[in-house]
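> This is query-v4.txt, which holds compact mmCIF, C-alpha atoms and all ligand atoms:
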```txt
# COMPACT_ATOMS: atom_id res chain seq x y z
CA MET P 95 123.79 116.54 107.98
CA THR P 96 122.14 118.53 110.81
CA ALA P 97 119.01 120.06 109.24
CA VAL P 98 116.61 119.07 106.45
CA THR P 99 113.56 120.98 105.17
CA VAL P 100 110.90 119.18 103.15
CA ARG P 101 108.02 120.85 101.32
CA VAL P 102 104.79 118.83 101.20
CA PRO P 103 101.59 119.50 99.24
CA ALA P 104 97.91 119.46 100.17
CA LYS P 105 95.50 117.32 98.18
CA VAL P 106 92.08 117.67 96.66
CA ASN P 107 90.05 114.59 95.70
CA LEU P 108 88.96 114.54 92.04
CA GLN P 109 86.80 111.49 92.73
CA LEU P 110 86.00 110.00 96.11
CA ALA P 111 83.89 106.84 95.79
CA VAL P 112 83.13 105.30 99.19
CA GLY P 113 81.98 101.71 99.78
CA PRO P 114 80.19 100.26 102.81
CA ALA P 115 81.86 100.21 106.24
CA ARG P 116 84.32 97.30 106.60
CA GLU P 117 84.66 95.07 109.64
CA ASP P 118 87.65 97.18 110.80
CA GLY P 119 85.56 100.37 110.64
CA TYR P 120 87.30 101.73 107.54
CA HIS P 121 85.70 102.05 104.11
CA ASP P 122 87.06 100.82 100.80
CA LEU P 123 87.59 103.74 98.47
CA VAL P 124 88.37 104.70 94.94
CA ASN P 125 90.12 107.91 95.78
CA VAL P 126 91.63 110.03 93.00
CA PHE P 127 94.16 112.26 94.77
CA HIS P 128 95.49 115.43 93.13
CA ALA P 129 98.35 117.36 94.77
CA VAL P 130 97.92 121.16 94.79
CA SER P 131 100.29 124.04 95.45
CA LEU P 132 99.36 124.73 99.06
CA PHE P 133 102.40 123.58 100.98
CA ASP P 134 103.48 122.92 104.54
CA GLU P 135 107.21 122.91 105.31
CA VAL P 136 108.68 120.40 107.72
CA THR P 137 112.15 121.20 109.07
CA VAL P 138 113.95 118.55 111.09
CA THR P 139 117.03 119.68 113.02
CA ALA P 140 119.41 117.62 115.15
CA ALA P 141 118.85 118.57 118.79
CA ARG P 142 120.40 117.99 122.21
CA PRO P 143 118.62 115.36 124.31
CA CYS P 144 116.62 116.83 127.15
CA ALA P 145 114.80 115.60 130.28
CA GLU P 146 111.31 116.59 129.02
CA TRP P 147 111.42 114.78 125.71
CA SER P 148 113.47 111.89 124.37
CA LEU P 149 113.22 111.86 120.59
CA VAL P 150 111.05 114.67 119.19
CA ARG P 151 110.39 118.24 120.20
CA LEU P 152 107.74 119.90 118.06
CA THR P 153 107.16 123.54 117.21
CA VAL P 154 104.43 124.89 114.95
CA ASP P 155 104.05 128.20 113.18
CA GLY P 156 101.29 129.28 110.86
CA GLN P 157 101.76 131.25 107.70
CA PRO P 158 99.94 134.61 107.52
CA GLY P 159 96.17 134.15 107.76
CA GLY P 160 96.49 130.53 108.84
CA ASP P 161 95.10 129.23 112.11
CA THR P 162 97.15 126.55 113.86
CA THR P 163 95.32 126.41 117.19
CA GLY P 164 93.97 122.90 116.45
CA VAL P 165 97.42 121.45 115.77
CA PRO P 166 98.68 119.24 118.63
CA ARG P 167 102.09 120.30 120.00
CA ASP P 168 102.78 116.94 121.65
CA ALA P 169 103.59 113.36 120.66
CA THR P 170 100.08 112.88 119.20
CA ASN P 171 100.97 115.15 116.28
CA LEU P 172 101.08 112.98 113.17
CA ALA P 173 104.55 114.31 112.26
CA ALA P 174 105.90 113.30 115.68
CA ARG P 175 104.22 109.90 115.39
CA ALA P 176 105.86 109.45 111.97
CA ALA P 177 109.32 110.16 113.42
CA HIS P 178 108.74 107.73 116.31
CA ARG P 179 107.48 105.05 113.90
CA LEU P 180 110.53 105.47 111.62
CA ALA P 181 112.89 105.28 114.60
CA ALA P 182 111.19 102.12 115.90
CA GLU P 183 111.29 100.48 112.47
CA THR P 184 114.92 101.25 111.67
CA GLY P 185 116.61 101.39 115.07
CA ALA P 186 117.90 104.84 114.05
CA GLY P 187 116.79 108.01 115.77
CA THR P 188 118.79 110.71 117.51
CA PRO P 189 116.85 113.60 119.11
CA VAL P 190 115.35 116.08 116.68
CA ASN P 191 113.40 119.30 116.66
CA ILE P 192 110.52 119.16 114.14
CA GLN P 193 109.35 122.58 113.03
CA LEU P 194 106.02 122.63 111.14
CA SER P 195 105.37 125.70 109.07
CA LYS P 196 101.69 125.29 108.24
CA ARG P 197 99.79 126.71 105.33
CA ILE P 198 97.48 123.75 104.63
CA PRO P 199 94.18 124.32 106.46
CA VAL P 200 93.81 122.34 109.69
CA ALA P 201 91.02 119.71 109.73
CA GLY P 202 90.05 121.03 106.31
CA GLY P 203 89.83 117.83 104.26
CA MET P 204 93.11 118.62 102.48
CA ALA P 205 95.28 116.10 104.36
CA GLY P 206 97.44 118.64 106.20
CA GLY P 207 98.42 116.38 109.08
CA SER P 208 99.12 113.58 106.63
CA ALA P 209 101.35 115.89 104.59
CA ASP P 210 103.32 116.78 107.73
CA ALA P 211 103.75 113.09 108.56
CA ALA P 212 105.03 112.40 105.04
CA GLY P 213 107.42 115.35 105.32
CA ALA P 214 108.70 114.15 108.69
CA LEU P 215 109.33 110.66 107.29
CA VAL P 216 111.40 112.02 104.40
CA ALA P 217 113.31 114.56 106.51
CA CYS P 218 114.09 112.19 109.41
CA ASN P 219 115.03 109.44 107.00
CA MET P 220 117.59 111.74 105.40
CA LEU P 221 118.88 113.25 108.65
CA TRP P 222 119.25 109.86 110.32
CA GLY P 223 120.61 108.17 107.18
CA THR P 224 118.54 105.07 107.90
CA GLY P 225 119.13 103.63 104.44
CA ILE P 226 115.51 102.54 103.95
CA ASP P 227 114.11 103.20 100.50
CA HIS P 228 111.02 104.93 99.09
CA ASP P 229 108.90 101.76 99.07
CA ASP P 230 109.64 101.15 102.76
CA LEU P 231 108.67 104.76 103.52
CA LEU P 232 105.40 104.24 101.60
CA ALA P 233 104.61 101.17 103.73
CA LEU P 234 105.28 103.09 106.97
CA ALA P 235 103.18 106.00 105.69
CA ALA P 236 100.22 103.70 104.98
CA GLU P 237 100.32 102.47 108.60
CA LEU P 238 100.15 106.04 109.91
CA GLY P 239 96.96 107.01 108.04
CA SER P 240 94.98 106.46 104.85
CA ASP P 241 96.13 109.80 103.35
CA VAL P 242 99.81 109.73 104.41
CA ALA P 243 101.28 107.77 101.46
CA PHE P 244 99.92 110.14 98.80
CA PRO P 245 101.90 113.28 99.75
CA LEU P 246 105.09 111.20 99.43
CA VAL P 247 104.19 110.55 95.78
CA GLY P 248 102.29 113.71 94.76
CA GLY P 249 101.02 114.35 91.23
CA THR P 250 97.73 112.59 90.60
CA ALA P 251 97.11 109.03 91.79
CA VAL P 252 94.29 106.58 92.43
CA GLY P 253 94.13 105.27 95.98
CA THR P 254 92.32 101.98 96.59
CA GLY P 255 91.92 99.88 99.73
CA ARG P 256 91.29 102.50 102.41
CA GLY P 257 93.08 104.93 100.08
CA GLU P 258 96.65 103.87 100.81
CA ILE P 259 97.32 101.59 97.78
CA LEU P 260 98.47 104.08 95.17
CA THR P 261 98.61 103.90 91.38
CA PRO P 262 99.97 107.06 89.72
CA VAL P 263 97.85 108.55 86.92
CA SER P 264 99.28 110.68 84.12
CA SER P 265 97.75 114.17 84.25
CA PRO P 266 99.31 116.39 81.57
CA GLY P 267 97.05 119.40 82.27
CA ARG P 268 97.64 122.28 84.68
CA TYR P 269 94.49 123.09 86.63
CA HIS P 270 93.63 126.23 88.55
CA TRP P 271 91.79 125.89 91.84
CA VAL P 272 90.21 128.06 94.47
CA PHE P 273 89.76 126.78 98.01
CA ALA P 274 87.21 128.32 100.36
CA LEU P 275 88.52 127.71 103.87
CA SER P 276 86.53 127.49 107.04
CA SER P 277 87.83 128.33 110.51
CA VAL P 278 85.88 125.43 112.09
CA GLY P 279 87.08 122.01 110.93
CA LEU P 280 85.20 118.73 110.42
CA SER P 281 86.32 115.43 111.93
CA THR P 282 87.03 112.84 109.20
CA ALA P 283 85.62 110.03 111.38
CA ASP P 284 82.39 112.01 111.99
CA VAL P 285 81.91 112.56 108.25
CA PHE P 286 82.38 108.84 107.48
CA ALA P 287 79.91 108.00 110.28
CA GLU P 288 77.38 110.42 108.80
CA TYR P 289 77.96 108.79 105.40
CA ASP P 290 77.04 105.40 106.91
CA ARG P 291 73.91 106.88 108.43
CA LEU P 292 72.78 108.53 105.20
CA ARG P 293 73.75 105.61 102.94
CA PRO P 294 73.47 102.32 104.86
CA HIS P 295 73.62 100.16 101.70
CA ALA P 296 76.46 101.78 99.77
CA PRO P 297 77.67 99.77 96.75
CA GLU P 298 81.33 98.79 96.31
CA PRO P 299 83.24 101.82 94.99
CA SER P 300 84.30 101.92 91.35
CA GLY P 301 86.51 104.18 89.27
CA ASP P 302 85.15 106.71 86.79
CA THR P 303 86.48 106.19 83.25
CA ALA P 304 85.13 109.62 82.20
CA LEU P 305 87.42 111.21 84.80
CA MET P 306 90.44 109.35 83.41
CA SER P 307 89.55 110.51 79.85
CA ALA P 308 89.14 114.08 81.10
CA LEU P 309 92.57 113.97 82.75
CA ALA P 310 94.12 112.62 79.53
CA SER P 311 92.46 115.43 77.53
CA ALA P 312 94.04 118.05 79.86
CA GLU P 313 90.85 120.15 79.48
CA ALA P 314 89.63 121.90 82.62
CA HIS P 315 86.07 121.93 81.31
CA ALA P 316 86.03 118.15 80.87
CA LEU P 317 87.59 117.64 84.29
CA GLY P 318 84.99 119.91 85.88
CA GLU P 319 82.17 117.74 84.55
CA THR P 320 83.57 114.62 86.21
CA LEU P 321 84.49 115.79 89.75
CA SER P 322 82.59 113.79 92.38
CA ASN P 323 82.69 113.17 96.11
CA ASP P 324 80.50 110.57 97.85
CA LEU P 325 81.27 112.24 101.20
CA GLU P 326 79.79 115.56 100.08
CA PRO P 327 76.19 114.83 101.23
CA ALA P 328 77.54 113.80 104.64
CA ALA P 329 79.73 116.91 104.95
CA LEU P 330 76.76 119.10 103.88
CA SER P 331 74.50 117.33 106.37
CA LEU P 332 76.94 118.27 109.18
CA ARG P 333 77.64 121.72 107.74
CA PRO P 334 74.54 122.90 105.77
CA ASP P 335 76.12 126.37 105.42
CA LEU P 336 78.58 124.94 102.87
CA ARG P 337 75.78 124.68 100.27
CA ALA P 338 75.77 128.48 100.00
CA THR P 339 79.58 128.53 99.70
CA LEU P 340 79.48 126.03 96.81
CA GLU P 341 76.71 128.04 95.14
CA ALA P 342 78.60 131.33 95.56
CA GLY P 343 81.61 129.85 93.72
CA ARG P 344 79.42 128.50 90.89
CA GLU P 345 77.76 131.89 90.51
CA ALA P 346 81.20 133.50 90.38
CA GLY P 347 82.02 131.42 87.29
CA ALA P 348 83.71 128.28 88.63
CA LEU P 349 83.56 125.33 86.21
CA ALA P 350 82.79 123.01 89.12
CA ALA P 351 82.39 123.14 92.88
CA VAL P 352 82.89 120.22 95.25
CA VAL P 353 83.60 119.61 98.92
CA SER P 354 87.27 118.58 99.32
CA GLY P 355 87.51 115.11 100.90
CA SER P 356 85.72 115.12 104.25
CA GLY P 357 85.42 118.94 104.15
CA PRO P 358 84.74 121.61 105.19
CA THR P 359 87.06 123.14 102.57
CA CYS P 360 85.18 123.74 99.31
CA ALA P 361 87.17 123.34 96.07
CA PHE P 362 86.38 125.24 92.88
CA LEU P 363 87.89 124.45 89.50
CA ALA P 364 88.48 127.53 87.35
CA ARG P 365 89.05 127.93 83.60
CA ASP P 366 92.53 129.47 84.06
CA GLY P 367 94.63 131.49 86.53
CA ALA P 368 92.71 134.73 85.89
CA GLY P 369 89.40 132.87 86.34
CA ALA P 370 90.64 131.49 89.66
CA ALA P 371 91.57 134.99 90.85
CA ARG P 372 88.07 136.22 89.93
CA VAL P 373 86.31 133.36 91.72
CA ALA P 374 88.49 133.87 94.82
CA ALA P 375 87.76 137.62 94.86
CA ALA P 376 84.00 137.02 94.49
CA LEU P 377 84.04 134.44 97.29
CA ARG P 378 85.91 136.83 99.59
CA GLU P 379 83.31 139.50 98.91
CA SER P 380 80.40 137.12 99.51
CA ARG P 381 79.04 136.38 102.98
CA HIS P 382 79.61 132.68 102.39
CA CYS P 383 83.35 132.28 102.70
CA GLU P 384 85.76 133.16 105.52
CA ARG P 385 88.95 132.91 103.43
CA ALA P 386 89.70 131.94 99.82
CA VAL P 387 93.08 130.93 98.40
CA THR P 388 94.17 129.98 94.88
CA ALA P 389 96.45 127.09 93.92
CA HIS P 390 97.32 124.95 90.92
CA GLY P 391 97.76 121.24 90.38
CA ASP P 392 99.13 118.85 90.04
CA VAL P 393 102.45 119.38 91.82
CA PRO P 394 105.16 116.96 92.97
CA GLY P 395 105.07 115.15 96.30
CA ALA P 396 107.40 115.65 99.29
CA THR P 397 110.51 117.52 98.08
CA VAL P 398 113.69 118.31 99.98
CA VAL P 399 114.17 122.07 99.63
CA ARG P 400 117.10 122.59 102.04
CA GLY P 401 119.67 120.34 103.66
CA SER P 402 122.82 121.27 105.56
C1 LIG L 501 88.53 111.53 103.51
C2 LIG L 501 89.96 111.36 103.02
O1 LIG L 501 90.73 112.52 103.36
C3 LIG L 501 89.95 111.27 101.51
O2 LIG L 501 91.26 111.43 100.97
C4 LIG L 501 90.63 110.15 103.65
O3 LIG L 501 89.88 108.99 103.35
C5 LIG L 501 90.85 110.27 105.14
O4 LIG L 501 92.15 109.83 105.41
P1 LIG L 501 92.86 110.04 106.85
O5 LIG L 501 92.49 111.37 107.40
O6 LIG L 501 94.31 109.69 106.67
O7 LIG L 501 92.10 108.96 107.69
P2 LIG L 501 92.65 107.92 108.80
O8 LIG L 501 93.48 108.67 109.78
O9 LIG L 501 93.21 106.71 108.13
O10 LIG L 501 91.25 107.54 109.46
C6 LIG L 501 90.52 108.45 110.23
C7 LIG L 501 89.11 107.93 110.35
O11 LIG L 501 88.42 108.12 109.10
C8 LIG L 501 87.60 107.01 108.78
N1 LIG L 501 88.07 106.40 107.51
C9 LIG L 501 89.23 106.81 106.92
C10 LIG L 501 89.62 106.25 105.71
C11 LIG L 501 88.80 105.26 105.14
N2 LIG L 501 89.14 104.69 103.97
N3 LIG L 501 87.67 104.86 105.74
C12 LIG L 501 87.28 105.42 106.92
O12 LIG L 501 86.24 105.06 107.45
C13 LIG L 501 87.70 106.07 109.97
O13 LIG L 501 86.65 106.40 110.84
C14 LIG L 501 89.03 106.44 110.62
O14 LIG L 501 89.04 106.18 111.99
N1 LIG L 502 100.56 117.90 111.83
C1 LIG L 502 99.25 118.12 112.04
N2 LIG L 502 98.63 119.14 111.44
C2 LIG L 502 97.30 119.33 111.62
N3 LIG L 502 96.52 118.57 112.42
C3 LIG L 502 97.09 117.53 113.04
C4 LIG L 502 98.47 117.26 112.86
N4 LIG L 502 98.75 116.16 113.58
C5 LIG L 502 97.61 115.77 114.15
N5 LIG L 502 96.60 116.58 113.86
C6 LIG L 502 95.18 116.40 114.30
O1 LIG L 502 94.48 115.84 113.20
C7 LIG L 502 93.23 116.48 113.00
C8 LIG L 502 92.95 116.50 111.51
O2 LIG L 502 93.84 117.43 110.94
P1 LIG L 502 94.18 117.51 109.39
O3 LIG L 502 94.60 118.93 109.13
O4 LIG L 502 95.12 116.45 108.97
O5 LIG L 502 92.74 117.22 108.80
P2 LIG L 502 92.26 116.90 107.36
O6 LIG L 502 93.01 117.75 106.38
O7 LIG L 502 90.77 117.02 107.37
O8 LIG L 502 92.68 115.39 107.14
P3 LIG L 502 92.26 114.42 105.95
O9 LIG L 502 91.96 115.27 104.74
O10 LIG L 502 93.50 113.56 105.77
O11 LIG L 502 91.09 113.65 106.47
C9 LIG L 502 93.39 117.87 113.62
O12 LIG L 502 92.17 118.32 114.13
C10 LIG L 502 94.43 117.66 114.70
O13 LIG L 502 93.80 117.38 115.94
```
Now that the file is in, can you turn its structure into structure tokens?

Amino acid sequence: MTAVTVRVPAKVNLQLAVGPAREDGYHDLVNVFHAVSLFDEVTVTAARPCAEWSLVRLTVDGQPGGDTTGVPRDATNLAARAAHRLAAETGAGTPVNIQLSKRIPVAGGMAGGSADAAGALVACNMLWGTGIDHDDLLALAAELGSDVAFPLVGGTAVGTGRGEILTPVSSPGRYHWVFALSSVGLSTADVFAEYDRLRPHAPEPSGDTALMSALASAEAHALGETLSNDLEPAALSLRPDLRATLEAGREAGALAAVVSGSGPTCAFLARDGAGAARVAAALRESRHCERAVTAHGDVPGATVVRGS
């Protein structure tokens, strides 16, 4: 095998309950991840060794309308770090070119870098034939970042601990989403720090049974009533302009509007596909949104789409 392409989804958080800061600086979460049909593609190709790089050479291209200027092209890229980590763990690892074809917004609160890391783990694992299994990959993913394990699994899942301990949740419905993207990202660490400032005595996070019932009912309306994000006040404090974006989507008929993860992407749940198209069109026409895209969820996790 000389080339493998893996497709990896973005996420939106259906619930994000955040506890107090831990001794290690992280926060315990109850994080209900939901994979949506905005995908990056990660292609790993066997390469000739070269003087400038030993294991990974990285190239990045954006899909039309996407902005990839904030994506590191060096070894700090999370996909490159994933390949290095897998090589160190398994003793495998011949030189590879990793090509990231990005459609997930950068620094948008939709776990784009994490998705690329998950894709690189799956693709390198296959190309190198390391023989390690899915559970081992999940453990490596959790070391790389709190959001990296989820795109390996996809679907809908509850993340506890700092978000990396995953329990899949059955979600029989198909939900239609609109995402209002922002060209200026938010740093996840800054948003958690703002959360600590605004809420110094946060309680331990707990799951929402109404959300689980809504997912079981497969009704978009019920799901819309239960979406919640403890980081939203912090994201809005750092980016007050997002209030108008959320309001514009509600006025356009969205069932619910919420900041996605640490933001600044705003997520809108629509009644159906036609409703999502209407909300996206209204957002594009408003002054309060730079770009709006539609997607559905949930979708599977990292999937090999080509191998040769
Ligand atoms: C906001 C979410 O996207 C929700 O899914 C995630 O919790 C963030 O996950 P991530 O980007 O993979 O985050 P990491 O790379 O693990 O951590 C980045 C920074 O976010 C903060 N962080 C992250 C996760 C967590 N449970 N508590 C935290 O306080 C820490 O300051 C950390 O230094
Ligand atoms: N493969 C990658 N794609 C995008 N950004 C990356 C990547 N690797 C590292 N980064 C860095 O990580 C930062 C956060 O990017 P990312 O797109 O993952 O944010 P995010 O979606 O807000 O993350 P999360 O939702 O997991 O908190 C970027 O500003 C960039 O400097």
> For Gly357 of chain P, work out the shell of residues within 7 Å, counting all atoms listed in the file and skipping chain neighbours fewer than 6 positions away, then give it as a PyMOL selection string.
chain P and resi 202-203+280+329
> Please identify all polymer residues lying at most 6 Å from the point (102.2, 123.3, 107.2) (file coordinates), using all atoms listed in the file, and present the result as a PyMOL selection string.
chain P and resi 134-135+194-198
> What lies within 12 Å of Tyr120 of chain P using only C-alpha atoms, ignoring chain neighbours under 6 positions off, as JSON, numbers by chain?
{"P": [112, 113, 114, 239, 240, 255, 256, 257, 258, 282, 283, 286, 287, 289, 290]}
> Return as JSON lines the residues of chain P lying at most 7 Å from ligand LIG 502 (chain L), together with the closest atom-to-atom pair for each and the distance in Å to one decimal, counting only C-alpha atoms and all ligand atoms, with rows in chain order and ascending residue number.

```
{"residue": "P:Gly164", "atom": "CA", "partner": "L:LIG502", "partner_atom": "O12", "distance": 5.4}
{"residue": "P:Val165", "atom": "CA", "partner": "L:LIG502", "partner_atom": "N3", "distance": 4.5}
{"residue": "P:Pro166", "atom": "CA", "partner": "L:LIG502", "partner_atom": "C5", "distance": 5.8}
{"residue": "P:Thr170", "atom": "CA", "partner": "L:LIG502", "partner_atom": "C5", "distance": 6.3}
{"residue": "P:Asn171", "atom": "CA", "partner": "L:LIG502", "partner_atom": "N4", "distance": 3.6}
{"residue": "P:Leu172", "atom": "CA", "partner": "L:LIG502", "partner_atom": "N4", "distance": 4.0}
{"residue": "P:Ala173", "atom": "CA", "partner": "L:LIG502", "partner_atom": "N1", "distance": 5.4}
{"residue": "P:Pro199", "atom": "CA", "partner": "L:LIG502", "partner_atom": "O3", "distance": 6.0}
{"residue": "P:Val200", "atom": "CA", "partner": "L:LIG502", "partner_atom": "O3", "distance": 3.5}
{"residue": "P:Ala201", "atom": "CA", "partner": "L:LIG502", "partner_atom": "O5", "distance": 3.2}
{"residue": "P:Gly202", "atom": "CA", "partner": "L:LIG502", "partner_atom": "O7", "distance": 4.2}
{"residue": "P:Gly203", "atom": "CA", "partner": "L:LIG502", "partner_atom": "O7", "distance": 3.3}
{"residue": "P:Met204", "atom": "CA", "partner": "L:LIG502", "partner_atom": "O6", "distance": 4.0}
{"residue": "P:Ala205", "atom": "CA", "partner": "L:LIG502", "partner_atom": "O10", "distance": 3.4}
{"residue": "P:Gly206", "atom": "CA", "partner": "L:LIG502", "partner_atom": "O3", "distance": 4.1}
{"residue": "P:Gly207", "atom": "CA", "partner": "L:LIG502", "partner_atom": "O4", "distance": 3.3}
{"residue": "P:Ser208", "atom": "CA", "partner": "L:LIG502", "partner_atom": "O4", "distance": 5.5}
{"residue": "P:Asp210", "atom": "CA", "partner": "L:LIG502", "partner_atom": "N1", "distance": 5.1}
{"residue": "P:Ala211", "atom": "CA", "partner": "L:LIG502", "partner_atom": "N1", "distance": 6.6}
{"residue": "P:Asp241", "atom": "CA", "partner": "L:LIG502", "partner_atom": "O10", "distance": 5.2}
{"residue": "P:Leu280", "atom": "CA", "partner": "L:LIG502", "partner_atom": "O7", "distance": 6.6}
{"residue": "P:Ser281", "atom": "CA", "partner": "L:LIG502", "partner_atom": "O7", "distance": 6.6}
{"residue": "P:Thr282", "atom": "CA", "partner": "L:LIG502", "partner_atom": "O11", "distance": 5.0}
{"residue": "P:Gly355", "atom": "CA", "partner": "L:LIG502", "partner_atom": "O9", "distance": 5.9}
{"residue": "P:Ser356", "atom": "CA", "partner": "L:LIG502", "partner_atom": "O11", "distance": 6.0}
{"residue": "P:Gly357", "atom": "CA", "partner": "L:LIG502", "partner_atom": "O7", "distance": 6.5}
```
> Only C-alpha atoms, please: the residues just picked out, written as a compact mmCIF listing (two decimals), keeping the file's coordinate frame.

```txt
# COMPACT_ATOMS: atom_id res chain seq x y z
CA GLY P 164 93.97 122.90 116.45
CA VAL P 165 97.42 121.45 115.77
CA PRO P 166 98.68 119.24 118.63
CA THR P 170 100.08 112.88 119.20
CA ASN P 171 100.97 115.15 116.28
CA LEU P 172 101.08 112.98 113.17
CA ALA P 173 104.55 114.31 112.26
CA PRO P 199 94.18 124.32 106.46
CA VAL P 200 93.81 122.34 109.69
CA ALA P 201 91.02 119.71 109.73
CA GLY P 202 90.05 121.03 106.31
CA GLY P 203 89.83 117.83 104.26
CA MET P 204 93.11 118.62 102.48
CA ALA P 205 95.28 116.10 104.36
CA GLY P 206 97.44 118.64 106.20
CA GLY P 207 98.42 116.38 109.08
CA SER P 208 99.12 113.58 106.63
CA ASP P 210 103.32 116.78 107.73
CA ALA P 211 103.75 113.09 108.56
CA ASP P 241 96.13 109.80 103.35
CA LEU P 280 85.20 118.73 110.42
CA SER P 281 86.32 115.43 111.93
CA THR P 282 87.03 112.84 109.20
CA GLY P 355 87.51 115.11 100.90
CA SER P 356 85.72 115.12 104.25
CA GLY P 357 85.42 118.94 104.15
```
> Ranking P:Pro143, P:Ala370, P:Leu377, P:Ser307 by minimum distance to Thr339 of chain P and counting all atoms listed in the file, which one comes first?
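Of P:Pro143, P:Ala370, P:Leu377, P:Ser307, the one nearest Thr339 of chain P, counting all atoms listed in the file, is P:Leu377.
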